[in-house]
Every structure is written in C-alpha cells, then in structure tokens.
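Source file query-v4.cif; content: mmCIF, N, CA and C atoms and all ligand atoms.
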data_target
#
loop_
_atom_site.label_atom_id
_atom_site.label_comp_id
_atom_site.auth_asym_id
_atom_site.auth_seq_id
_atom_site.Cartn_x
_atom_site.Cartn_y
_atom_site.Cartn_z
N MET T 1 110.95 124.15 87.28
CA MET T 1 111.92 124.71 86.34
C MET T 1 112.82 123.62 85.80
N ASP T 2 113.02 123.63 84.47
CA ASP T 2 113.86 122.59 83.86
C ASP T 2 115.33 122.90 84.04
N MET T 3 116.09 121.90 84.42
CA MET T 3 117.54 122.05 84.34
C MET T 3 117.91 121.66 82.91
N LEU T 4 119.03 122.20 82.43
CA LEU T 4 119.42 121.92 81.05
C LEU T 4 119.87 120.48 80.90
N LYS T 5 119.64 119.95 79.71
CA LYS T 5 120.24 118.65 79.38
C LYS T 5 121.74 118.89 79.19
N PRO T 6 122.55 117.87 79.48
CA PRO T 6 124.01 118.06 79.37
C PRO T 6 124.44 118.60 78.02
N GLU T 7 123.81 118.13 76.92
CA GLU T 7 124.20 118.63 75.58
C GLU T 7 123.98 120.12 75.48
N ALA T 8 122.84 120.56 75.96
CA ALA T 8 122.50 121.98 75.86
C ALA T 8 123.48 122.81 76.67
N ARG T 9 123.87 122.27 77.82
CA ARG T 9 124.79 123.01 78.68
C ARG T 9 126.17 123.11 78.03
N SER T 10 126.66 122.00 77.47
CA SER T 10 128.00 122.08 76.89
C SER T 10 127.99 122.90 75.61
N GLN T 11 126.85 122.89 74.92
CA GLN T 11 126.71 123.78 73.75
C GLN T 11 126.90 125.24 74.16
N LEU T 12 126.22 125.59 75.23
CA LEU T 12 126.27 126.96 75.71
C LEU T 12 127.68 127.30 76.18
N MET T 13 128.32 126.35 76.86
CA MET T 13 129.67 126.59 77.34
C MET T 13 130.64 126.78 76.19
N ALA T 14 130.45 126.00 75.13
CA ALA T 14 131.31 126.14 73.95
C ALA T 14 131.12 127.51 73.32
N LYS T 15 129.88 127.95 73.30
CA LYS T 15 129.55 129.25 72.72
C LYS T 15 130.26 130.37 73.49
N ILE T 16 130.23 130.25 74.81
CA ILE T 16 130.85 131.28 75.64
C ILE T 16 132.35 131.30 75.42
N LYS T 17 132.94 130.12 75.30
CA LYS T 17 134.39 130.05 75.14
C LYS T 17 134.82 130.59 73.78
N SER T 18 134.09 130.23 72.72
CA SER T 18 134.54 130.57 71.39
C SER T 18 134.28 132.04 71.03
N LYS T 19 133.26 132.60 71.62
CA LYS T 19 132.93 133.98 71.29
C LYS T 19 133.10 134.87 72.50
N ASN T 20 133.24 136.14 72.23
CA ASN T 20 133.26 137.07 73.33
C ASN T 20 131.81 137.44 73.65
N THR T 21 131.09 136.48 74.17
CA THR T 21 129.66 136.69 74.38
C THR T 21 129.43 137.62 75.56
N LYS T 22 128.57 138.59 75.34
CA LYS T 22 128.25 139.51 76.43
C LYS T 22 127.60 138.75 77.58
N PRO T 23 128.08 139.01 78.80
CA PRO T 23 127.53 138.28 79.95
C PRO T 23 126.01 138.36 80.05
N GLU T 24 125.45 139.51 79.74
CA GLU T 24 124.00 139.62 79.85
C GLU T 24 123.30 138.69 78.87
N LEU T 25 123.88 138.53 77.69
CA LEU T 25 123.28 137.64 76.69
C LEU T 25 123.35 136.19 77.14
N VAL T 26 124.43 135.84 77.80
CA VAL T 26 124.57 134.46 78.32
C VAL T 26 123.47 134.19 79.34
N VAL T 27 123.28 135.13 80.25
CA VAL T 27 122.27 134.94 81.29
C VAL T 27 120.88 134.86 80.66
N ARG T 28 120.62 135.73 79.70
CA ARG T 28 119.32 135.73 79.03
C ARG T 28 119.07 134.42 78.31
N SER T 29 120.09 133.95 77.62
CA SER T 29 119.95 132.71 76.86
C SER T 29 119.69 131.53 77.79
N LEU T 30 120.39 131.52 78.92
CA LEU T 30 120.20 130.45 79.88
C LEU T 30 118.80 130.50 80.50
N LEU T 31 118.37 131.69 80.89
CA LEU T 31 117.03 131.84 81.46
C LEU T 31 115.97 131.36 80.48
N HIS T 32 116.16 131.74 79.22
CA HIS T 32 115.21 131.37 78.18
C HIS T 32 115.13 129.86 78.03
N ARG T 33 116.30 129.21 77.97
CA ARG T 33 116.33 127.76 77.82
C ARG T 33 115.73 127.06 79.03
N MET T 34 115.81 127.69 80.19
CA MET T 34 115.26 127.09 81.40
C MET T 34 113.75 127.34 81.53
N GLY T 35 113.23 128.15 80.62
CA GLY T 35 111.79 128.36 80.60
C GLY T 35 111.29 129.53 81.41
N PHE T 36 112.22 130.38 81.87
CA PHE T 36 111.79 131.58 82.59
C PHE T 36 111.23 132.61 81.60
N ARG T 37 110.27 133.37 82.06
CA ARG T 37 109.79 134.50 81.27
C ARG T 37 110.31 135.78 81.91
N PHE T 38 110.82 136.65 81.07
CA PHE T 38 111.40 137.86 81.64
C PHE T 38 111.24 139.06 80.71
N ARG T 39 111.40 140.22 81.29
CA ARG T 39 111.36 141.47 80.53
C ARG T 39 112.74 142.12 80.63
N LEU T 40 113.04 142.97 79.66
CA LEU T 40 114.36 143.58 79.63
C LEU T 40 114.29 145.07 79.89
N HIS T 41 115.28 145.56 80.62
CA HIS T 41 115.51 147.00 80.77
C HIS T 41 114.24 147.79 81.05
N ARG T 42 113.58 147.44 82.12
CA ARG T 42 112.34 148.15 82.44
C ARG T 42 112.63 149.54 83.01
N ARG T 43 112.30 150.53 82.22
CA ARG T 43 112.63 151.90 82.57
C ARG T 43 111.81 152.45 83.74
N ASP T 44 110.70 151.77 84.03
CA ASP T 44 109.88 152.27 85.13
C ASP T 44 110.40 151.80 86.49
N LEU T 45 111.49 151.04 86.50
CA LEU T 45 112.07 150.60 87.76
C LEU T 45 113.41 151.29 88.01
N PRO T 46 113.75 151.49 89.29
CA PRO T 46 115.01 152.19 89.60
C PRO T 46 116.22 151.54 88.93
N GLY T 47 117.00 152.35 88.23
CA GLY T 47 118.22 151.85 87.61
C GLY T 47 118.02 151.06 86.33
N THR T 48 116.79 151.01 85.81
CA THR T 48 116.49 150.25 84.59
C THR T 48 117.15 148.87 84.62
N PRO T 49 116.69 148.00 85.51
CA PRO T 49 117.38 146.70 85.66
C PRO T 49 117.43 145.91 84.36
N ASP T 50 118.55 145.18 84.16
CA ASP T 50 118.80 144.45 82.93
C ASP T 50 117.69 143.45 82.63
N ILE T 51 117.38 142.64 83.63
CA ILE T 51 116.44 141.53 83.43
C ILE T 51 115.42 141.54 84.57
N VAL T 52 114.15 141.45 84.23
CA VAL T 52 113.10 141.48 85.24
C VAL T 52 112.22 140.24 85.10
N LEU T 53 112.04 139.53 86.20
CA LEU T 53 111.16 138.36 86.21
C LEU T 53 109.94 138.68 87.06
N PRO T 54 108.90 139.19 86.40
CA PRO T 54 107.74 139.68 87.17
C PRO T 54 107.11 138.60 88.04
N LYS T 55 107.05 137.38 87.54
CA LYS T 55 106.38 136.32 88.26
C LYS T 55 107.03 136.08 89.63
N TYR T 56 108.33 136.26 89.70
CA TYR T 56 109.06 136.01 90.95
C TYR T 56 109.44 137.30 91.65
N LYS T 57 108.91 138.42 91.13
CA LYS T 57 109.24 139.74 91.70
C LYS T 57 110.74 139.86 91.94
N THR T 58 111.49 139.45 90.92
CA THR T 58 112.95 139.42 91.02
C THR T 58 113.56 140.18 89.85
N VAL T 59 114.59 140.96 90.15
CA VAL T 59 115.35 141.56 89.06
C VAL T 59 116.78 140.99 89.11
N ILE T 60 117.35 140.87 87.94
CA ILE T 60 118.73 140.39 87.83
C ILE T 60 119.57 141.49 87.21
N MET T 61 120.64 141.87 87.90
CA MET T 61 121.59 142.80 87.34
C MET T 61 122.81 142.00 86.91
N VAL T 62 123.20 142.16 85.67
CA VAL T 62 124.41 141.51 85.20
C VAL T 62 125.48 142.60 85.13
N ASN T 63 126.41 142.54 86.07
CA ASN T 63 127.36 143.64 86.23
C ASN T 63 128.75 143.32 85.69
N GLY T 64 129.29 144.24 84.94
CA GLY T 64 130.70 144.15 84.56
C GLY T 64 131.56 144.37 85.80
N CYS T 65 132.57 143.51 85.97
CA CYS T 65 133.37 143.56 87.21
C CYS T 65 134.10 144.89 87.36
N PHE T 66 134.65 145.39 86.27
CA PHE T 66 135.41 146.64 86.35
C PHE T 66 134.49 147.83 86.63
N TRP T 67 133.50 148.01 85.82
CA TRP T 67 132.66 149.20 85.90
C TRP T 67 131.82 149.26 87.16
N HIS T 68 131.46 148.10 87.68
CA HIS T 68 130.60 148.09 88.87
C HIS T 68 131.36 147.70 90.13
N GLY T 69 132.67 147.51 90.01
CA GLY T 69 133.51 147.33 91.20
C GLY T 69 133.27 146.05 91.96
N HIS T 70 133.47 144.92 91.28
CA HIS T 70 133.31 143.63 91.95
C HIS T 70 134.41 143.47 93.01
N ALA T 71 133.99 143.38 94.29
CA ALA T 71 134.96 143.34 95.39
C ALA T 71 135.89 142.13 95.27
N ASN T 72 137.16 142.34 95.46
CA ASN T 72 138.17 141.27 95.46
C ASN T 72 138.26 140.50 94.16
N CYS T 73 137.87 141.10 93.07
CA CYS T 73 137.92 140.42 91.77
C CYS T 73 139.08 140.99 90.96
N PRO T 74 139.91 140.11 90.38
CA PRO T 74 141.05 140.61 89.58
C PRO T 74 140.62 141.47 88.39
N LYS T 75 139.44 141.20 87.85
CA LYS T 75 138.96 142.01 86.73
C LYS T 75 138.58 143.42 87.13
N ALA T 76 138.47 143.65 88.43
CA ALA T 76 138.01 144.96 88.90
C ALA T 76 139.18 145.82 89.39
N LYS T 77 140.39 145.42 89.00
CA LYS T 77 141.56 146.18 89.41
C LYS T 77 141.48 147.59 88.81
N ARG T 78 141.76 148.58 89.64
CA ARG T 78 141.61 149.96 89.17
C ARG T 78 142.88 150.45 88.48
N PRO T 79 142.71 151.33 87.48
CA PRO T 79 143.87 151.87 86.77
C PRO T 79 144.81 152.60 87.72
N SER T 80 146.10 152.56 87.41
CA SER T 80 147.07 153.20 88.30
C SER T 80 147.43 154.61 87.84
N SER T 81 146.91 155.02 86.67
CA SER T 81 147.08 156.42 86.30
C SER T 81 145.70 157.07 86.26
N ASN T 82 145.71 158.41 86.29
CA ASN T 82 144.43 159.12 86.31
C ASN T 82 143.55 158.67 87.48
N THR T 83 144.18 158.40 88.60
CA THR T 83 143.46 157.74 89.68
C THR T 83 142.29 158.57 90.21
N ASP T 84 142.46 159.90 90.27
CA ASP T 84 141.35 160.72 90.78
C ASP T 84 140.10 160.50 89.95
N PHE T 85 140.29 160.56 88.64
CA PHE T 85 139.18 160.38 87.72
C PHE T 85 138.53 159.01 87.90
N TRP T 86 139.35 157.98 87.89
CA TRP T 86 138.81 156.62 87.93
C TRP T 86 138.16 156.30 89.27
N TYR T 87 138.80 156.74 90.35
CA TYR T 87 138.21 156.42 91.65
C TYR T 87 136.85 157.09 91.80
N LYS T 88 136.77 158.35 91.35
CA LYS T 88 135.48 159.05 91.47
C LYS T 88 134.44 158.35 90.62
N LYS T 89 134.81 158.06 89.38
CA LYS T 89 133.85 157.47 88.45
C LYS T 89 133.35 156.11 88.96
N LEU T 90 134.29 155.27 89.37
CA LEU T 90 133.90 153.92 89.78
C LEU T 90 133.17 153.93 91.12
N ASP T 91 133.62 154.81 92.02
CA ASP T 91 132.90 154.92 93.31
C ASP T 91 131.47 155.42 93.10
N ASP T 92 131.31 156.35 92.15
CA ASP T 92 129.96 156.83 91.83
C ASP T 92 129.09 155.69 91.31
N ASN T 93 129.66 154.87 90.44
CA ASN T 93 128.90 153.73 89.91
C ASN T 93 128.45 152.81 91.04
N ILE T 94 129.37 152.52 91.95
CA ILE T 94 129.07 151.60 93.05
C ILE T 94 127.97 152.19 93.95
N ALA T 95 128.09 153.50 94.22
CA ALA T 95 127.09 154.16 95.07
C ALA T 95 125.71 154.13 94.39
N ARG T 96 125.70 154.35 93.09
CA ARG T 96 124.44 154.36 92.34
C ARG T 96 123.81 152.95 92.36
N ASP T 97 124.64 151.95 92.15
CA ASP T 97 124.13 150.57 92.20
C ASP T 97 123.48 150.28 93.54
N ARG T 98 124.18 150.68 94.61
CA ARG T 98 123.69 150.39 95.95
C ARG T 98 122.35 151.07 96.18
N GLU T 99 122.26 152.30 95.71
CA GLU T 99 121.02 153.07 95.87
C GLU T 99 119.87 152.39 95.11
N ASN T 100 120.17 151.94 93.91
CA ASN T 100 119.13 151.29 93.10
C ASN T 100 118.65 149.99 93.75
N VAL T 101 119.58 149.24 94.32
CA VAL T 101 119.20 147.99 94.99
C VAL T 101 118.27 148.30 96.15
N LEU T 102 118.63 149.32 96.94
CA LEU T 102 117.79 149.69 98.08
C LEU T 102 116.39 150.11 97.63
N LYS T 103 116.35 150.92 96.57
CA LYS T 103 115.05 151.39 96.06
C LYS T 103 114.21 150.22 95.58
N LEU T 104 114.85 149.31 94.86
CA LEU T 104 114.11 148.14 94.35
C LEU T 104 113.58 147.30 95.51
N GLU T 105 114.41 147.11 96.53
CA GLU T 105 113.98 146.30 97.66
C GLU T 105 112.83 146.98 98.42
N GLU T 106 112.90 148.30 98.48
CA GLU T 106 111.80 149.03 99.11
C GLU T 106 110.49 148.82 98.37
N LEU T 107 110.60 148.65 97.05
CA LEU T 107 109.41 148.42 96.24
C LEU T 107 108.98 146.95 96.24
N GLY T 108 109.70 146.14 97.00
CA GLY T 108 109.31 144.74 97.14
C GLY T 108 109.97 143.80 96.15
N TRP T 109 110.98 144.28 95.43
CA TRP T 109 111.69 143.41 94.48
C TRP T 109 112.87 142.74 95.17
N ARG T 110 113.17 141.52 94.73
CA ARG T 110 114.41 140.88 95.15
C ARG T 110 115.43 141.13 94.06
N VAL T 111 116.65 141.33 94.47
CA VAL T 111 117.69 141.69 93.52
C VAL T 111 118.78 140.63 93.53
N MET T 112 119.03 140.07 92.36
CA MET T 112 120.14 139.13 92.21
C MET T 112 121.21 139.78 91.35
N VAL T 113 122.41 139.85 91.88
CA VAL T 113 123.51 140.43 91.11
C VAL T 113 124.38 139.30 90.58
N ILE T 114 124.54 139.29 89.28
CA ILE T 114 125.44 138.30 88.66
C ILE T 114 126.62 139.06 88.07
N TRP T 115 127.81 138.68 88.50
CA TRP T 115 129.00 139.36 88.01
C TRP T 115 129.50 138.68 86.74
N GLU T 116 130.05 139.52 85.88
CA GLU T 116 130.63 139.08 84.61
C GLU T 116 131.53 137.84 84.78
N CYS T 117 132.35 137.82 85.84
CA CYS T 117 133.30 136.71 86.00
C CYS T 117 132.60 135.43 86.46
N GLN T 118 131.34 135.52 86.85
CA GLN T 118 130.60 134.34 87.32
C GLN T 118 129.83 133.67 86.20
N VAL T 119 129.85 134.28 85.02
CA VAL T 119 128.99 133.80 83.93
C VAL T 119 129.61 132.60 83.22
N LYS T 120 130.94 132.47 83.32
CA LYS T 120 131.62 131.40 82.57
C LYS T 120 131.30 130.03 83.12
N ASP T 121 131.01 129.96 84.40
CA ASP T 121 130.67 128.68 85.01
C ASP T 121 129.17 128.43 84.85
N VAL T 122 128.82 127.88 83.69
CA VAL T 122 127.40 127.74 83.34
C VAL T 122 126.65 126.88 84.35
N PHE T 123 127.36 125.87 84.85
CA PHE T 123 126.73 124.94 85.78
C PHE T 123 126.29 125.65 87.06
N LYS T 124 127.19 126.43 87.60
CA LYS T 124 126.89 127.18 88.83
C LYS T 124 125.81 128.22 88.57
N LEU T 125 125.95 128.90 87.43
CA LEU T 125 125.00 129.94 87.07
C LEU T 125 123.59 129.36 86.96
N GLU T 126 123.52 128.23 86.34
CA GLU T 126 122.24 127.56 86.15
C GLU T 126 121.60 127.22 87.50
N ALA T 127 122.42 126.70 88.41
CA ALA T 127 121.90 126.34 89.73
C ALA T 127 121.38 127.58 90.45
N ARG T 128 122.11 128.67 90.27
CA ARG T 128 121.70 129.91 90.91
C ARG T 128 120.37 130.41 90.35
N LEU T 129 120.26 130.35 89.02
CA LEU T 129 119.02 130.81 88.40
C LEU T 129 117.85 129.91 88.79
N ALA T 130 118.12 128.62 88.88
CA ALA T 130 117.07 127.68 89.26
C ALA T 130 116.57 127.99 90.67
N SER T 131 117.46 128.52 91.49
CA SER T 131 117.08 128.83 92.89
C SER T 131 116.05 129.95 92.95
N ILE T 132 115.95 130.74 91.91
CA ILE T 132 114.96 131.82 91.91
C ILE T 132 113.56 131.24 92.12
N GLU T 133 113.31 130.16 91.42
CA GLU T 133 111.99 129.54 91.55
C GLU T 133 111.82 128.89 92.93
N GLY T 134 112.86 128.18 93.35
CA GLY T 134 112.79 127.49 94.62
C GLY T 134 112.62 128.45 95.80
N LEU T 135 113.38 129.54 95.76
CA LEU T 135 113.35 130.46 96.89
C LEU T 135 112.14 131.36 96.88
N TYR T 136 111.77 131.79 95.70
CA TYR T 136 110.81 132.87 95.63
C TYR T 136 109.46 132.44 95.05
N GLY T 137 109.40 131.22 94.53
CA GLY T 137 108.20 130.83 93.80
C GLY T 137 107.01 130.55 94.72
ZN ZN H 201 134.37 139.68 89.02
#
So that I can check it, write out the structure of this file as structure tokens.
Amino acid sequence: MDMLKPEARSQLMAKIKSKNTKPELVVRSLLHRMGFRFRLHRRDLPGTPDIVLPKYKTVIMVNGCFWHGHANCPKAKRPSSNTDFWYKKLDDNIARDRENVLKLEELGWRVMVIWECQVKDVFKLEARLASIEGLYG
C-alpha cells in the first residue's frame, strides 16, 4: 500500500481545513489515493456500512461523534434540554451500532470505526488505514 507523498497529504489537509468536508468523503478520498478498492453503502450487510473493502473483509464506519455517541469526546456532549428525547434517541443509535458491529463480526467482517473528530489528523488516519493491509492482508 502506498503512503501519500507529503504534497498530496498537505493538499488534503488544506482541503479539510478550508472546507467543511464531510468526514466520510475525507476517508474515501484518502483510501482512493492510497490505492484501496472499496464499495459504498452495501445494503446487503448489517447496518449498510459506509465503506466496504471486500479484499480485506473489512468495513469502515465513519461515525459522527454526536449522533453515534463518541465516548469522552467534547463533540458528543448531549443537549441539556429535552433530555428524555435526546438520551433515548442517542442511546438507541449506540445500541444499534453495537448490534451491527456484532452481526458483521459474526459474518466474518472486521469493523473499523473512524470518528469524525479523528479525521482531521490526516497523518494518523493514513497510518490507520495503511494498517488494514498490514493486519488483515
Ligand atoms: Zn469524537
């Protein structure tokens, strides 16, 4: 797997800073530049995972910190009004995510969760994605 050239990496970092780029798009763009082949939103898999890498039997979920309840993350702070509504909604999301991960693992898939707040550090993200090949290839 190719690691990015420094120019390509700083280009991507500039793009993330200047635009409100969706985290999933950042991950997809990085995977693409690294030469991974992937499929998107496969409906035949539990939870319709965002990104699927069939060759490595790996799925990547790119999760928003708030909606998916990133533990100990400032972006995942819960609203202080309407608490019954929000706690139920967010707890349901977390339970559903957990169930989907278990189902995927039962089917033999490995699941990598990338949180929205982890996408800004392109260098770290890249190393993590590169590990997919090393660990699972
Ligand atoms: Zn987070």
* Please identify the residues whose atoms come within 7 Å of ligand ZN 201 (chain H), using only C-alpha atoms and all ligand atoms, and report them as a PyMOL selection string. => chain T and resi 65+70+73-76+115-118
Export of the given selection (N, CA and C atoms) as a compact mmCIF listing (two decimals), in the frame of the given file:
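Once everything was written out, this is result-v6.txt:
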# COMPACT_ATOMS: atom_id res chain seq x y z
N CYS T 65 132.57 143.51 85.97
CA CYS T 65 133.37 143.56 87.21
C CYS T 65 134.10 144.89 87.36
N HIS T 70 133.47 144.92 91.28
CA HIS T 70 133.31 143.63 91.95
C HIS T 70 134.41 143.47 93.01
N CYS T 73 137.87 141.10 93.07
CA CYS T 73 137.92 140.42 91.77
C CYS T 73 139.08 140.99 90.96
N PRO T 74 139.91 140.11 90.38
CA PRO T 74 141.05 140.61 89.58
C PRO T 74 140.62 141.47 88.39
N LYS T 75 139.44 141.20 87.85
CA LYS T 75 138.96 142.01 86.73
C LYS T 75 138.58 143.42 87.13
N ALA T 76 138.47 143.65 88.43
CA ALA T 76 138.01 144.96 88.90
C ALA T 76 139.18 145.82 89.39
N TRP T 115 127.81 138.68 88.50
CA TRP T 115 129.00 139.36 88.01
C TRP T 115 129.50 138.68 86.74
N GLU T 116 130.05 139.52 85.88
CA GLU T 116 130.63 139.08 84.61
C GLU T 116 131.53 137.84 84.78
N CYS T 117 132.35 137.82 85.84
CA CYS T 117 133.30 136.71 86.00
C CYS T 117 132.60 135.43 86.46
N GLN T 118 131.34 135.52 86.85
CA GLN T 118 130.60 134.34 87.32
C GLN T 118 129.83 133.67 86.20
* **Residue set, region 35-109 of chain T restricted to alpha helix (DSSP H), as a PyMOL selection string** => chain T and resi 65-68+83-106
* Determine, counting only C-alpha atoms, which protein, DNA and RNA residues have an atom within 9 Å of an atom of Glu24 (chain T); residues of the same chain fewer than 2 positions away are not included. Present the result as number ranges by chain. => T: 21-22, 26-29, 50-51, 61-63, 116, 119
* Asked: Do you have the atom C of Leu53 (chain T)-atom C of Arg37 (chain T) distance handy?
  -> 5.9 Å
* To do: Run DSSP on the backbone and give me the residues of chain T it puts in strand (DSSP E or B), as a PyMOL selection string.
  => chain T and resi 39-40+51-53+58-63+110-115
* So how many Å separate CA of Ala127 (chain T) and atom C of Ile114 (chain T), to one decimal? ->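 Computed distance, CA of Ala127 (chain T) to atom C of Ile114 (chain T), equals 13.7 Å.
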* Please measure the separation of CA of Val113 (chain T) and CA of Ile60 (chain T), giving the value in Å to one decimal. =>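 Separating CA of Val113 (chain T) from CA of Ile60 (chain T) is a distance of 5.8 Å.
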